[in-house]
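Shown next, in structure tokens, is the structure this report addresses.
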Amino acid sequence: MAQTKHRIFNDYRDLFWSLIPLVLIAVVLAGAASQCTVATNGPTQGQIPFFDAGAALRSDAKSMPFPIRQPALPEGWVSNSGSRENISIAGGGPVSTVGYITPQGTYMRYSQSNATEEALSRHVLGSRYPTGTQDIAGQKWVVYTEPTEESAWIADMGSVRILITGAGNEAAFTTLAQAVTAAQPLAK
């Protein structure tokens with residue numbers, strides 16, 4: 001009969017020594033599957049996903065019941081996401097959204113909709129309320145700010161409302177607002 005310790009004599013050291021082989025096996029398997037890396041100088045910028053904003057907006061222009069604008073943004077703005085959705089509350093309608101990464105590495109997006117300003121702001125911003133206005137290239141933008149949330153700007157351009165939000169600074173908001181204001185609606 002083999003000599004073994006009774007269970008009541010096991011302690012944390014026994015647990016520690018039995019976990020070491022399991023951890024080593026997990027590290028070897030993760031390394032073999034190329035699922036982990038070691039970065040001694042901290043995190044690095046990953047590749048920004050590609051999103052063809054032009055094709056998506058041209059498609060939206062053909063299917064949405066309001067004019068769609070494609071802003072001409074400066075060098076370094078990279079489109080990385082887009083979506084279509086419907087606002088189902090009173091005053092709602094379809095929404096076309098495109099997201100960008102700015103040259104500073106912050107995320108900005110703009111949404112276009114024929115929904116009312118109130119419906120669009122409630123859908124995207126929740127319970128935030130307007131705190132001021134900005135005049136950009138002759139267009140009035142209503143500013144929504146809250147200390148712990150991203151800022152947002154909304155412009156009423158007649159048959160369409162444009163909402164800009166993101167983590168960018170005021171210069172990023174102004175750049176996107178100028179580009180959207182100057183953009184002509186795409187052909188149907």
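Scheme for the structure tokens: letters A, B, ... for chains in order shown; per-chain residue numbers from 1; ligand numbers from 1 in order shown.
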
For stretch 108-115 of chain A: contacts at 9 Å, only C-alpha atoms, fewer than 2 positions along chain excluded, given as a ChimeraX atom specification: /A:64-69,81-82,87,90-102,106,117-120,158-168,172-173,176,180

Residues within 10 Å of A:Pro74, only C-alpha atoms, excluding chain neighbours under 3 positions, as number ranges by chain: A: 71, 77-78, 102-103, 175-176, 179

Restricted to N, CA, C and O atoms, what would the selected residues look like written as a PDB file, in the first residue's frame?
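Here's the written file result00.pdb:
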ATOM      1  N   PRO A  71     -19.667  63.346 -46.405  1.00  0.00           N
ATOM      2  CA  PRO A  71     -18.714  64.436 -46.192  1.00  0.00           C
ATOM      3  C   PRO A  71     -17.337  64.111 -46.763  1.00  0.00           C
ATOM      4  O   PRO A  71     -16.897  62.962 -46.726  1.00  0.00           O
ATOM      5  N   TRP A  77      -8.632  60.749 -41.829  1.00  0.00           N
ATOM      6  CA  TRP A  77      -9.899  60.259 -41.292  1.00  0.00           C
ATOM      7  C   TRP A  77     -10.201  58.940 -41.992  1.00  0.00           C
ATOM      8  O   TRP A  77     -10.279  58.886 -43.216  1.00  0.00           O
ATOM      9  N   VAL A  78     -10.370  57.870 -41.226  1.00  0.00           N
ATOM     10  CA  VAL A  78     -10.576  56.536 -41.786  1.00  0.00           C
ATOM     11  C   VAL A  78     -11.947  56.017 -41.357  1.00  0.00           C
ATOM     12  O   VAL A  78     -12.229  55.915 -40.158  1.00  0.00           O
ATOM     13  N   THR A 102     -10.277  59.382 -36.263  1.00  0.00           N
ATOM     14  CA  THR A 102      -9.617  60.640 -36.638  1.00  0.00           C
ATOM     15  C   THR A 102      -8.101  60.436 -36.673  1.00  0.00           C
ATOM     16  O   THR A 102      -7.591  59.427 -36.166  1.00  0.00           O
ATOM     17  N   PRO A 103      -7.369  61.402 -37.234  1.00  0.00           N
ATOM     18  CA  PRO A 103      -5.900  61.292 -37.214  1.00  0.00           C
ATOM     19  C   PRO A 103      -5.325  61.214 -35.795  1.00  0.00           C
ATOM     20  O   PRO A 103      -4.231  60.691 -35.594  1.00  0.00           O
ATOM     21  N   THR A 175     -14.539  69.886 -37.571  1.00  0.00           N
ATOM     22  CA  THR A 175     -14.129  69.351 -38.874  1.00  0.00           C
ATOM     23  C   THR A 175     -15.244  68.523 -39.497  1.00  0.00           C
ATOM     24  O   THR A 175     -15.592  68.702 -40.669  1.00  0.00           O
ATOM     25  N   LEU A 176     -15.836  67.627 -38.711  1.00  0.00           N
ATOM     26  CA  LEU A 176     -16.907  66.783 -39.232  1.00  0.00           C
ATOM     27  C   LEU A 176     -18.153  67.615 -39.542  1.00  0.00           C
ATOM     28  O   LEU A 176     -18.795  67.414 -40.577  1.00  0.00           O
ATOM     29  N   ALA A 179     -17.590  69.497 -42.812  1.00  0.00           N
ATOM     30  CA  ALA A 179     -17.635  68.587 -43.957  1.00  0.00           C
ATOM     31  C   ALA A 179     -19.062  68.163 -44.272  1.00  0.00           C
ATOM     32  O   ALA A 179     -19.461  68.099 -45.442  1.00  0.00           O
TER      33      ALA A 179
END

Å distance separating atom CA of A:Gly126 from atom CA of A:Ser83, one decimal place: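 Spanning atom CA of A:Gly126 to atom CA of A:Ser83 is a straight-line distance of 18.6 Å.
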
Point-to-point distance in Å for atom CA of A:Leu15 and atom CA of A:Val38: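 Taking atom CA of A:Val38 and atom CA of A:Leu15, their separation equals 27.2 Å.
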
Selection near A:Gly54, 10 Å with only C-alpha atoms, sequence-local residues under 3 positions removed, as a VMD selection string: chain A and resid 51 57 to 60 69 to 71 79 98

Å distance separating atom CA of A:Glu146 from atom CA of A:Ile89, one decimal place: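 Between atom CA of A:Glu146 and atom CA of A:Ile89 the gap works out to 23.2 Å.
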
Nearby residues (only C-alpha atoms) at most 10 Å from A:Ala137, same-chain spacing under 5 positions excluded, as a PyMOL selection string: chain A and resi 174+177-179+181-182

Output file for the residues above (C-alpha atoms, as a PDB file, in the first residue's frame):
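Everything below was put into out.pdb:
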ATOM      1  CA  THR A 174     -15.945  71.178 -36.044  1.00  0.00           C
ATOM      2  CA  ALA A 177     -19.639  69.429 -38.920  1.00  0.00           C
ATOM      3  CA  GLN A 178     -18.008  71.586 -41.645  1.00  0.00           C
ATOM      4  CA  ALA A 179     -17.635  68.587 -43.957  1.00  0.00           C
ATOM      5  CA  THR A 181     -22.579  71.019 -43.929  1.00  0.00           C
ATOM      6  CA  ALA A 182     -20.605  71.479 -47.170  1.00  0.00           C
TER       7      ALA A 182
END

All strand (DSSP E) positions in stretch 21-119 of chain A, as JSON, numbers by chain: {"A": [78, 79, 80, 81, 82, 83, 84, 85, 86, 94, 95, 96, 97, 98, 99, 100, 101, 107, 108, 109, 110, 111, 112, 113]}

Produce a file of the selected residues containing N, CA, C and O atoms, as an mmCIF file, in the first residue's frame.
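Output contents, as saved in out20.cif:
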data_model
loop_
_atom_site.group_PDB
_atom_site.id
_atom_site.type_symbol
_atom_site.label_atom_id
_atom_site.label_comp_id
_atom_site.auth_asym_id
_atom_site.auth_seq_id
_atom_site.Cartn_x
_atom_site.Cartn_y
_atom_site.Cartn_z
ATOM 1 N N VAL A 78 -10.370 57.870 -41.226
ATOM 2 C CA VAL A 78 -10.576 56.536 -41.786
ATOM 3 C C VAL A 78 -11.947 56.017 -41.357
ATOM 4 O O VAL A 78 -12.229 55.915 -40.158
ATOM 5 N N SER A 79 -12.785 55.701 -42.349
ATOM 6 C CA SER A 79 -14.091 55.123 -42.004
ATOM 7 C C SER A 79 -13.883 53.678 -41.551
ATOM 8 O O SER A 79 -13.162 52.928 -42.181
ATOM 9 N N ASN A 80 -14.505 53.323 -40.426
ATOM 10 C CA ASN A 80 -14.290 51.978 -39.893
ATOM 11 C C ASN A 80 -15.571 51.242 -39.538
ATOM 12 O O ASN A 80 -15.524 50.092 -39.133
ATOM 13 N N SER A 81 -16.748 51.908 -39.670
ATOM 14 C CA SER A 81 -17.981 51.228 -39.290
ATOM 15 C C SER A 81 -19.184 51.951 -39.880
ATOM 16 O O SER A 81 -19.096 53.118 -40.263
ATOM 17 N N GLY A 82 -20.290 51.241 -39.930
ATOM 18 C CA GLY A 82 -21.525 51.833 -40.414
ATOM 19 C C GLY A 82 -22.704 50.961 -40.036
ATOM 20 O O GLY A 82 -22.543 49.776 -39.744
ATOM 21 N N SER A 83 -23.886 51.576 -40.032
ATOM 22 C CA SER A 83 -25.079 50.814 -39.705
ATOM 23 C C SER A 83 -26.316 51.525 -40.227
ATOM 24 O O SER A 83 -26.283 52.701 -40.561
ATOM 25 N N ARG A 84 -27.405 50.751 -40.287
ATOM 26 C CA ARG A 84 -28.742 51.275 -40.580
ATOM 27 C C ARG A 84 -29.653 50.743 -39.496
ATOM 28 O O ARG A 84 -29.539 49.599 -39.086
ATOM 29 N N GLU A 85 -30.557 51.592 -39.054
ATOM 30 C CA GLU A 85 -31.532 51.144 -38.070
ATOM 31 C C GLU A 85 -32.779 51.998 -38.174
ATOM 32 O O GLU A 85 -32.808 52.967 -38.918
ATOM 33 N N ASN A 86 -33.789 51.631 -37.424
ATOM 34 C CA ASN A 86 -35.049 52.363 -37.404
ATOM 35 C C ASN A 86 -35.329 52.827 -35.990
ATOM 36 O O ASN A 86 -35.161 52.057 -35.040
ATOM 37 N N PRO A 94 -35.905 55.981 -40.258
ATOM 38 C CA PRO A 94 -34.643 55.272 -40.489
ATOM 39 C C PRO A 94 -33.435 56.153 -40.166
ATOM 40 O O PRO A 94 -33.511 57.373 -40.256
ATOM 41 N N VAL A 95 -32.327 55.500 -39.787
ATOM 42 C CA VAL A 95 -31.096 56.200 -39.438
ATOM 43 C C VAL A 95 -29.936 55.541 -40.176
ATOM 44 O O VAL A 95 -29.795 54.322 -40.163
ATOM 45 N N SER A 96 -29.100 56.357 -40.816
ATOM 46 C CA SER A 96 -27.878 55.892 -41.462
ATOM 47 C C SER A 96 -26.698 56.447 -40.667
ATOM 48 O O SER A 96 -26.616 57.656 -40.436
ATOM 49 N N THR A 97 -25.789 55.572 -40.239
ATOM 50 C CA THR A 97 -24.657 55.986 -39.397
ATOM 51 C C THR A 97 -23.346 55.502 -39.991
ATOM 52 O O THR A 97 -23.253 54.371 -40.466
ATOM 53 N N VAL A 98 -22.326 56.375 -39.959
ATOM 54 C CA VAL A 98 -20.976 56.013 -40.375
ATOM 55 C C VAL A 98 -20.013 56.476 -39.285
ATOM 56 O O VAL A 98 -20.140 57.595 -38.768
ATOM 57 N N GLY A 99 -19.060 55.611 -38.930
ATOM 58 C CA GLY A 99 -18.059 55.937 -37.910
ATOM 59 C C GLY A 99 -16.689 56.118 -38.530
ATOM 60 O O GLY A 99 -16.366 55.495 -39.546
ATOM 61 N N TYR A 100 -15.890 56.968 -37.915
ATOM 62 C CA TYR A 100 -14.540 57.286 -38.397
ATOM 63 C C TYR A 100 -13.547 57.270 -37.247
ATOM 64 O O TYR A 100 -13.898 57.570 -36.109
ATOM 65 N N ILE A 101 -12.311 56.968 -37.567
ATOM 66 C CA ILE A 101 -11.191 57.161 -36.658
ATOM 67 C C ILE A 101 -10.464 58.407 -37.149
ATOM 68 O O ILE A 101 -10.096 58.492 -38.325
ATOM 69 N N TYR A 107 -12.574 58.109 -31.956
ATOM 70 C CA TYR A 107 -13.714 57.645 -32.744
ATOM 71 C C TYR A 107 -14.762 58.745 -32.822
ATOM 72 O O TYR A 107 -15.136 59.341 -31.813
ATOM 73 N N MET A 108 -15.240 59.026 -34.037
ATOM 74 C CA MET A 108 -16.326 59.979 -34.280
ATOM 75 C C MET A 108 -17.328 59.297 -35.203
ATOM 76 O O MET A 108 -16.945 58.494 -36.045
ATOM 77 N N ARG A 109 -18.601 59.641 -35.056
ATOM 78 C CA ARG A 109 -19.601 59.096 -35.959
ATOM 79 C C ARG A 109 -20.647 60.159 -36.244
ATOM 80 O O ARG A 109 -20.847 61.076 -35.449
ATOM 81 N N TYR A 110 -21.284 60.004 -37.373
ATOM 82 C CA TYR A 110 -22.407 60.881 -37.667
ATOM 83 C C TYR A 110 -23.561 60.040 -38.180
ATOM 84 O O TYR A 110 -23.381 59.055 -38.873
ATOM 85 N N SER A 111 -24.752 60.446 -37.751
ATOM 86 C CA SER A 111 -25.980 59.746 -38.127
ATOM 87 C C SER A 111 -26.871 60.720 -38.870
ATOM 88 O O SER A 111 -26.934 61.901 -38.539
ATOM 89 N N GLN A 112 -27.567 60.208 -39.889
ATOM 90 C CA GLN A 112 -28.494 61.000 -40.685
ATOM 91 C C GLN A 112 -29.866 60.350 -40.585
ATOM 92 O O GLN A 112 -29.976 59.135 -40.682
ATOM 93 N N SER A 113 -30.900 61.177 -40.384
ATOM 94 C CA SER A 113 -32.242 60.620 -40.242
ATOM 95 C C SER A 113 -33.284 61.684 -40.546
ATOM 96 O O SER A 113 -33.026 62.880 -40.418
#
